[in-house]
file coords.cif (mmCIF, C-alpha atoms)
data_entry
#
loop_
_atom_site.group_PDB
_atom_site.id
_atom_site.type_symbol
_atom_site.label_atom_id
_atom_site.label_comp_id
_atom_site.auth_asym_id
_atom_site.auth_seq_id
_atom_site.Cartn_x
_atom_site.Cartn_y
_atom_site.Cartn_z
ATOM 1 C CA MET A 1 126.317 55.927 140.220
ATOM 2 C CA THR A 2 123.494 58.439 140.597
ATOM 3 C CA ARG A 3 122.995 57.464 144.241
ATOM 4 C CA ALA A 4 126.683 58.051 145.021
ATOM 5 C CA LEU A 5 126.568 61.402 143.239
ATOM 6 C CA ASP A 6 123.408 62.299 145.181
ATOM 7 C CA LEU A 7 125.273 61.578 148.422
ATOM 8 C CA LEU A 8 128.290 63.613 147.285
ATOM 9 C CA HIS A 9 126.004 66.483 146.251
ATOM 10 C CA GLY A 10 124.258 66.401 149.628
ATOM 11 C CA PHE A 11 127.585 66.279 151.463
ATOM 12 C CA LEU A 12 128.855 69.284 149.500
ATOM 13 C CA LYS A 13 125.727 71.225 150.444
ATOM 14 C CA ILE A 14 126.324 70.442 154.120
ATOM 15 C CA VAL A 15 129.985 71.493 153.901
ATOM 16 C CA LEU A 16 128.995 74.692 152.086
ATOM 17 C CA THR A 17 126.456 75.528 154.780
ATOM 18 C CA PHE A 18 129.029 74.809 157.493
ATOM 19 C CA LEU A 19 131.631 77.036 155.816
ATOM 20 C CA MET A 20 129.113 79.869 155.482
ATOM 21 C CA GLY A 21 128.526 79.617 159.219
ATOM 22 C CA VAL A 22 132.258 79.524 159.939
ATOM 23 C CA LEU A 23 132.827 82.567 157.700
ATOM 24 C CA ILE A 24 130.463 84.617 159.849
ATOM 25 C CA VAL A 25 132.729 84.280 162.907
ATOM 26 C CA PRO A 26 135.945 85.923 161.625
ATOM 27 C CA VAL A 27 134.055 88.534 159.609
ATOM 28 C CA THR A 28 131.978 89.493 162.660
ATOM 29 C CA MET A 29 135.158 89.673 164.729
ATOM 30 C CA GLN A 30 136.744 91.958 162.124
ATOM 31 C CA ILE A 31 133.730 94.269 162.103
ATOM 32 C CA LEU A 32 133.504 94.416 165.895
ATOM 33 C CA SER A 33 137.205 95.121 166.286
ATOM 34 C CA ARG A 34 137.254 97.859 163.636
ATOM 35 C CA TYR A 35 134.132 99.770 164.565
ATOM 36 C CA THR A 36 133.501 99.158 168.245
ATOM 37 C CA GLY A 37 136.734 98.344 170.015
ATOM 38 C CA LEU A 38 134.917 95.635 171.987
ATOM 39 C CA ILE A 39 137.522 93.066 171.012
ATOM 40 C CA PRO A 40 141.154 93.436 169.995
ATOM 41 C CA ARG A 41 142.131 93.372 166.333
ATOM 42 C CA TYR A 42 143.077 89.848 165.394
ATOM 43 C CA ILE A 43 145.074 89.474 162.200
ATOM 44 C CA TRP A 44 144.224 85.784 161.718
ATOM 45 C CA THR A 45 140.555 86.578 161.115
ATOM 46 C CA GLU A 46 141.276 88.006 157.659
ATOM 47 C CA GLU A 47 143.229 84.937 156.594
ATOM 48 C CA ILE A 48 140.642 82.459 157.881
ATOM 49 C CA ALA A 49 137.860 84.444 156.198
ATOM 50 C CA ARG A 50 139.776 84.318 152.898
ATOM 51 C CA PHE A 51 140.326 80.553 153.202
ATOM 52 C CA CYS A 52 136.614 79.992 153.899
ATOM 53 C CA PHE A 53 135.631 82.285 151.031
ATOM 54 C CA VAL A 54 137.781 80.395 148.508
ATOM 55 C CA TRP A 55 136.341 77.047 149.582
ATOM 56 C CA ILE A 56 132.800 78.468 149.530
ATOM 57 C CA ILE A 57 133.304 79.581 145.939
ATOM 58 C CA MET A 58 134.811 76.274 144.811
ATOM 59 C CA ILE A 59 132.252 74.081 146.591
ATOM 60 C CA GLY A 60 129.472 76.332 145.333
ATOM 61 C CA SER A 61 130.743 75.820 141.797
ATOM 62 C CA MET A 62 130.751 72.043 142.312
ATOM 63 C CA ILE A 63 127.132 72.132 143.471
ATOM 64 C CA ALA A 64 126.178 74.460 140.632
ATOM 65 C CA VAL A 65 127.638 72.118 138.007
ATOM 66 C CA ARG A 66 125.394 69.321 139.282
ATOM 67 C CA ASP A 67 122.397 71.640 139.464
ATOM 68 C CA GLY A 68 123.032 72.921 135.946
ATOM 69 C CA THR A 69 123.428 76.523 137.087
ATOM 70 C CA HIS A 70 127.156 77.061 136.547
ATOM 71 C CA PHE A 71 129.191 77.663 133.377
ATOM 72 C CA ASP A 72 125.890 77.686 131.572
ATOM 73 C CA VAL A 73 124.917 80.656 129.431
ATOM 74 C CA ASP A 74 122.065 80.845 126.937
ATOM 75 C CA VAL A 75 124.169 81.752 123.917
ATOM 76 C CA LEU A 76 123.029 78.864 121.785
ATOM 77 C CA PRO A 77 119.402 78.858 120.595
ATOM 78 C CA HIS A 78 116.939 76.358 122.004
ATOM 79 C CA THR A 79 115.189 74.018 119.616
ATOM 80 C CA THR A 80 112.318 71.576 119.660
ATOM 81 C CA ASN A 81 114.421 68.934 117.909
ATOM 82 C CA PRO A 82 115.736 66.574 120.626
ATOM 83 C CA LYS A 83 118.826 65.568 118.636
ATOM 84 C CA ILE A 84 119.886 69.174 118.060
ATOM 85 C CA GLU A 85 119.145 70.088 121.670
ATOM 86 C CA ALA A 86 121.181 67.091 122.850
ATOM 87 C CA ALA A 87 124.061 68.121 120.568
ATOM 88 C CA LEU A 88 123.970 71.669 121.952
ATOM 89 C CA ARG A 89 123.965 70.353 125.525
ATOM 90 C CA LEU A 90 126.846 68.031 124.703
ATOM 91 C CA PHE A 91 128.789 70.980 123.299
ATOM 92 C CA VAL A 92 128.266 73.017 126.481
ATOM 93 C CA HIS A 93 129.097 70.040 128.704
ATOM 94 C CA LEU A 94 132.251 69.281 126.702
ATOM 95 C CA ALA A 95 133.393 72.881 127.193
ATOM 96 C CA MET A 96 132.729 72.509 130.909
ATOM 97 C CA LEU A 97 134.626 69.201 130.937
ATOM 98 C CA LEU A 98 137.593 70.880 129.272
ATOM 99 C CA THR A 99 137.564 73.487 132.036
ATOM 100 C CA GLY A 100 137.405 70.730 134.659
ATOM 101 C CA LEU A 101 140.329 68.867 133.098
ATOM 102 C CA ILE A 102 142.359 72.091 133.031
ATOM 103 C CA PHE A 103 141.599 72.577 136.722
ATOM 104 C CA ILE A 104 142.720 69.022 137.445
ATOM 105 C CA TYR A 105 145.909 69.185 135.374
ATOM 106 C CA PHE A 106 147.168 72.597 136.444
ATOM 107 C CA GLY A 107 145.544 72.302 139.872
ATOM 108 C CA MET A 108 147.836 69.392 140.726
ATOM 109 C CA ASP A 109 150.868 71.660 140.231
ATOM 110 C CA PHE A 110 149.114 74.298 142.300
ATOM 111 C CA TYR A 111 148.459 71.662 144.981
ATOM 112 C CA ALA A 112 152.142 70.634 144.973
ATOM 113 C CA LEU A 113 153.145 74.273 145.398
ATOM 114 C CA GLY A 114 150.786 74.591 148.357
ATOM 115 C CA ALA A 115 152.265 71.484 149.963
ATOM 116 C CA ARG A 116 155.548 73.384 150.341
ATOM 117 C CA GLN A 117 154.075 76.560 151.841
ATOM 118 C CA MET A 118 152.506 77.724 155.082
ATOM 119 C CA SER A 119 150.140 80.648 155.491
ATOM 120 C CA GLU A 120 151.818 83.684 156.985
ATOM 121 C CA ILE A 121 149.515 84.388 159.878
ATOM 122 C CA ALA A 122 147.649 81.230 160.932
ATOM 123 C CA GLN A 123 150.537 78.941 159.909
ATOM 124 C CA LEU A 124 148.135 76.615 158.109
ATOM 125 C CA PRO A 125 149.474 74.537 155.229
ATOM 126 C CA MET A 126 148.556 76.290 151.989
ATOM 127 C CA VAL A 127 147.578 72.908 150.575
ATOM 128 C CA THR A 128 144.353 73.407 152.546
ATOM 129 C CA ILE A 129 143.419 76.160 150.123
ATOM 130 C CA TYR A 130 145.295 75.157 146.949
ATOM 131 C CA GLY A 131 143.691 71.714 146.997
ATOM 132 C CA ALA A 132 140.343 73.281 146.149
ATOM 133 C CA TRP A 133 141.253 73.648 142.466
ATOM 134 C CA PRO A 134 142.046 70.046 141.508
ATOM 135 C CA LEU A 135 139.242 68.791 143.752
ATOM 136 C CA ALA A 136 136.773 71.084 141.973
ATOM 137 C CA GLY A 137 137.940 69.761 138.602
ATOM 138 C CA ILE A 138 137.526 66.163 139.739
ATOM 139 C CA ILE A 139 134.036 66.703 141.122
ATOM 140 C CA TRP A 140 132.951 68.753 138.085
ATOM 141 C CA THR A 141 134.096 65.849 135.922
ATOM 142 C CA LEU A 142 132.102 63.326 137.963
ATOM 143 C CA PHE A 143 128.959 65.437 137.758
ATOM 144 C CA LEU A 144 129.484 66.037 134.043
ATOM 145 C CA ILE A 145 129.698 62.306 133.339
ATOM 146 C CA GLU A 146 126.169 62.072 134.701
ATOM 147 C CA LYS A 147 125.108 64.949 132.443
ATOM 148 C CA PHE A 148 126.672 63.233 129.405
ATOM 149 C CA VAL A 149 124.618 60.115 130.128
ATOM 150 C CA ASP A 150 121.475 62.249 130.288
ATOM 151 C CA ASP A 151 122.431 64.069 127.059
ATOM 152 C CA PHE A 152 122.962 60.765 125.227
ATOM 153 C CA ARG A 153 119.602 59.509 126.493
ATOM 154 C CA LEU A 154 118.018 62.612 124.973
ATOM 155 C CA TRP A 155 119.978 62.042 121.728
ATOM 156 C CA ARG A 156 118.742 58.442 121.472
ATOM 157 C CA GLY A 157 115.165 59.479 122.245
ATOM 158 C CA GLU A 158 115.062 57.642 125.592
ATOM 159 C CA ARG A 159 113.844 60.778 127.284
ATOM 160 C CA PRO A 160 111.554 63.418 125.780
ATOM 161 C CA LEU A 161 112.843 66.944 125.223
ATOM 162 C CA ASP A 162 110.173 68.481 127.430
ATOM 163 C CA SER A 163 110.884 66.201 130.385
ATOM 164 C CA PRO A 164 112.625 67.926 133.270
ATOM 165 C CA HIS A 165 116.357 67.585 133.194
ATOM 166 C CA ILE A 166 117.513 65.251 135.946
ATOM 167 C CA HIS A 167 119.775 67.733 137.731
ATOM 168 C CA GLY A 168 119.008 71.252 136.607
ATOM 169 C CA SER A 169 118.700 72.732 133.205
ATOM 170 C CA SER A 170 121.285 72.681 130.494
ATOM 171 C CA LEU A 171 121.687 75.430 128.019
#
call {"tool": "encode", "arguments": {"input": "coords.cif", "output": "structure tokens"}}
result
Amino acid sequence: MTRALDLLHGFLKIVLTFLMGVLIVPVTMQILSRYTGLIPRYIWTEEIARFCFVWIIMIGSMIAVRDGTHFDVDVLPHTTNPKIEAALRLFVHLAMLLTGLIFIYFGMDFYALGARQMSEIAQLPMVTIYGAWPLAGIIWTLFLIEKFVDDFRLWRGERPLDSPHIHGSSL
């Protein structure tokens, strides 16, 4: 399972990099048209930039969940006791899982709404943007399953507390 998640994580990084590159094009066109007059003002650039930005945020959050850098705040104290540390990590990961399940459940309704709509300017199906929410929830859940396995290994003493966390820090 870890190998498949590694491939998914790598793919998401590639897509994120691609979208960052794509985002540069409409934003540059907007800047050039507003301040130089070198090119005409295209309305579609704003909509495409917004679509890219939403996907960049959602894919970035997916990557950050795997890396242990998202939804993770140091509000709970760290401890040297592996069982307590594992319990604290499980608590944080369960809260993240709840968020992911909410994104899946309500995101499916959002996705269905987008399937019936078209964007005003580019005439793209809105499902291309609304689908980001349930997909993010699904991928967060997959990455969190891996974190739960790691947390339980810490709980059972199969991995020392001071060993580096497999995919980013927790807590």
call {"tool": "residues_around", "arguments": {"input": "coords.cif", "residues": "stretch 50-63 of chain A", "least_positions_apart": "4", "cutoff": "6 Å", "atoms": "all atoms listed in the file", "output": "MDAnalysis selection string"}}
result
chainID A and resid 16 23 140
call {"tool": "resolve_selection", "arguments": {"input": "coords.cif", "expression": "the PyMOL selection byres ((chain A and resi 86) around 9)", "output": "ChimeraX atom specification"}}
result
/A:81-85,87-91,150-155,161
call {"tool": "resolve_selection", "arguments": {"input": "coords.cif", "expression": "the PyMOL selection byres ((chain A and resi 130) around 8)", "output": "number ranges by chain"}}
result
A: 107, 110-111, 114, 126-129, 131-133
call {"tool": "residues_around", "arguments": {"input": "coords.cif", "residues": "stretch 25-38 of chain A", "least_positions_apart": "3", "cutoff": "7 Å", "atoms": "all atoms listed in the file", "output": "PyMOL selection string"}}
result
chain A and resi 22+41+45-46+48-49
call {"tool": "write_last_selection", "arguments": {"input": "coords.cif", "atoms": "C-alpha atoms", "output": "PDB file, in the frame of the given file"}}
result
ATOM      1  CA  VAL A  22     132.258  79.524 159.939  1.00  0.00           C
ATOM      2  CA  ARG A  41     142.131  93.372 166.333  1.00  0.00           C
ATOM      3  CA  THR A  45     140.555  86.578 161.115  1.00  0.00           C
ATOM      4  CA  GLU A  46     141.276  88.006 157.659  1.00  0.00           C
ATOM      5  CA  ILE A  48     140.642  82.459 157.881  1.00  0.00           C
ATOM      6  CA  ALA A  49     137.860  84.444 156.198  1.00  0.00           C
TER       7      ALA A  49
END
call {"tool": "residues_around", "arguments": {"input": "coords.cif", "residues": "A:Leu101", "least_positions_apart": "6", "cutoff": "10 Å", "atoms": "only C-alpha atoms", "output": "NGL selection string"}}
result
:A and (95 or 107 or 134 or 136-138 or 140-141)
call {"tool": "write_last_selection", "arguments": {"input": "coords.cif", "atoms": "C-alpha atoms", "output": "PDB file, in the coordinates of the input"}}
result
ATOM      1  CA  ALA A  95     133.393  72.881 127.193  1.00  0.00           C
ATOM      2  CA  GLY A 107     145.544  72.302 139.872  1.00  0.00           C
ATOM      3  CA  PRO A 134     142.046  70.046 141.508  1.00  0.00           C
ATOM      4  CA  ALA A 136     136.773  71.084 141.973  1.00  0.00           C
ATOM      5  CA  GLY A 137     137.940  69.761 138.602  1.00  0.00           C
ATOM      6  CA  ILE A 138     137.526  66.163 139.739  1.00  0.00           C
ATOM      7  CA  TRP A 140     132.951  68.753 138.085  1.00  0.00           C
ATOM      8  CA  THR A 141     134.096  65.849 135.922  1.00  0.00           C
TER       9      THR A 141
END
call {"tool": "atom_distance", "arguments": {"input": "coords.cif", "atom1": "atom CA of A:Asp67", "atom2": "atom CA of A:Val92"}}
result
14.3 Å
call {"tool": "atom_distance", "arguments": {"input": "coords.cif", "atom1": "atom CA of A:Arg66", "atom2": "atom CA of A:Ala112"}}
result
27.4 Å
call {"tool": "atom_distance", "arguments": {"input": "coords.cif", "atom1": "atom CA of A:Leu113", "atom2": "atom CA of A:Leu135"}}
result
15.0 Å
call {"tool": "closest_residue", "arguments": {"input": "coords.cif", "among": "A:Leu144, A:Ala64, A:Met118, A:Ile24", "to": "A:Met96", "atoms": "all atoms listed in the file"}}
result
A:Leu144
call {"tool": "closest_residue", "arguments": {"input": "coords.cif", "among": "A:Gly68, A:Pro77, A:Gly21, A:Gly100", "to": "A:Leu142", "atoms": "only C-alpha atoms"}}
result
A:Gly100
call {"tool": "decode", "arguments": {"input": "coords.cif", "residues": "stretch 19-35 of chain A", "atoms": "N, CA and C atoms", "output": "mmCIF file, in the first residue's frame"}}
result
data_model
loop_
_atom_site.group_PDB
_atom_site.id
_atom_site.type_symbol
_atom_site.label_atom_id
_atom_site.label_comp_id
_atom_site.auth_asym_id
_atom_site.auth_seq_id
_atom_site.Cartn_x
_atom_site.Cartn_y
_atom_site.Cartn_z
ATOM 1 N N LEU A 19 0.021 22.685 -12.605
ATOM 2 C CA LEU A 19 -1.001 23.713 -12.401
ATOM 3 C C LEU A 19 -0.391 25.064 -12.027
ATOM 4 N N MET A 20 0.697 25.046 -11.277
ATOM 5 C CA MET A 20 1.378 26.307 -10.957
ATOM 6 C C MET A 20 1.900 26.958 -12.231
ATOM 7 N N GLY A 21 2.428 26.140 -13.136
ATOM 8 C CA GLY A 21 2.887 26.663 -14.415
ATOM 9 C C GLY A 21 1.745 27.196 -15.258
ATOM 10 N N VAL A 22 0.631 26.461 -15.277
ATOM 11 C CA VAL A 22 -0.543 26.896 -16.040
ATOM 12 C C VAL A 22 -1.095 28.196 -15.472
ATOM 13 N N LEU A 23 -1.099 28.339 -14.152
ATOM 14 C CA LEU A 23 -1.630 29.539 -13.505
ATOM 15 C C LEU A 23 -0.868 30.794 -13.925
ATOM 16 N N ILE A 24 0.398 30.646 -14.207
ATOM 17 C CA ILE A 24 1.219 31.794 -14.602
ATOM 18 C C ILE A 24 0.718 32.420 -15.898
ATOM 19 N N VAL A 25 0.219 31.601 -16.821
ATOM 20 C CA VAL A 25 -0.204 32.106 -18.135
ATOM 21 C C VAL A 25 -1.377 33.088 -18.028
ATOM 22 N N PRO A 26 -2.527 32.713 -17.461
ATOM 23 C CA PRO A 26 -3.623 33.678 -17.415
ATOM 24 C C PRO A 26 -3.340 34.880 -16.508
ATOM 25 N N VAL A 27 -2.593 34.673 -15.443
ATOM 26 C CA VAL A 27 -2.279 35.802 -14.562
ATOM 27 C C VAL A 27 -1.359 36.785 -15.280
ATOM 28 N N THR A 28 -0.374 36.283 -16.007
ATOM 29 C CA THR A 28 0.510 37.153 -16.784
ATOM 30 C C THR A 28 -0.281 37.901 -17.849
ATOM 31 N N MET A 29 -1.210 37.198 -18.500
ATOM 32 C CA MET A 29 -2.042 37.854 -19.508
ATOM 33 C C MET A 29 -2.895 38.960 -18.879
ATOM 34 N N GLN A 30 -3.415 38.727 -17.693
ATOM 35 C CA GLN A 30 -4.213 39.745 -17.010
ATOM 36 C C GLN A 30 -3.361 40.970 -16.689
ATOM 37 N N ILE A 31 -2.167 40.738 -16.189
ATOM 38 C CA ILE A 31 -1.280 41.852 -15.834
ATOM 39 C C ILE A 31 -0.896 42.648 -17.071
ATOM 40 N N LEU A 32 -0.502 41.940 -18.129
ATOM 41 C CA LEU A 32 -0.102 42.630 -19.364
ATOM 42 C C LEU A 32 -1.255 43.428 -19.961
ATOM 43 N N SER A 33 -2.444 42.872 -19.931
ATOM 44 C CA SER A 33 -3.577 43.590 -20.524
ATOM 45 C C SER A 33 -3.987 44.803 -19.688
ATOM 46 N N ARG A 34 -3.861 44.718 -18.383
ATOM 47 C CA ARG A 34 -4.268 45.836 -17.525
ATOM 48 C C ARG A 34 -3.279 46.982 -17.535
ATOM 49 N N TYR A 35 -1.995 46.666 -17.511
ATOM 50 C CA TYR A 35 -0.995 47.706 -17.297
ATOM 51 C C TYR A 35 -0.192 48.098 -18.526
#
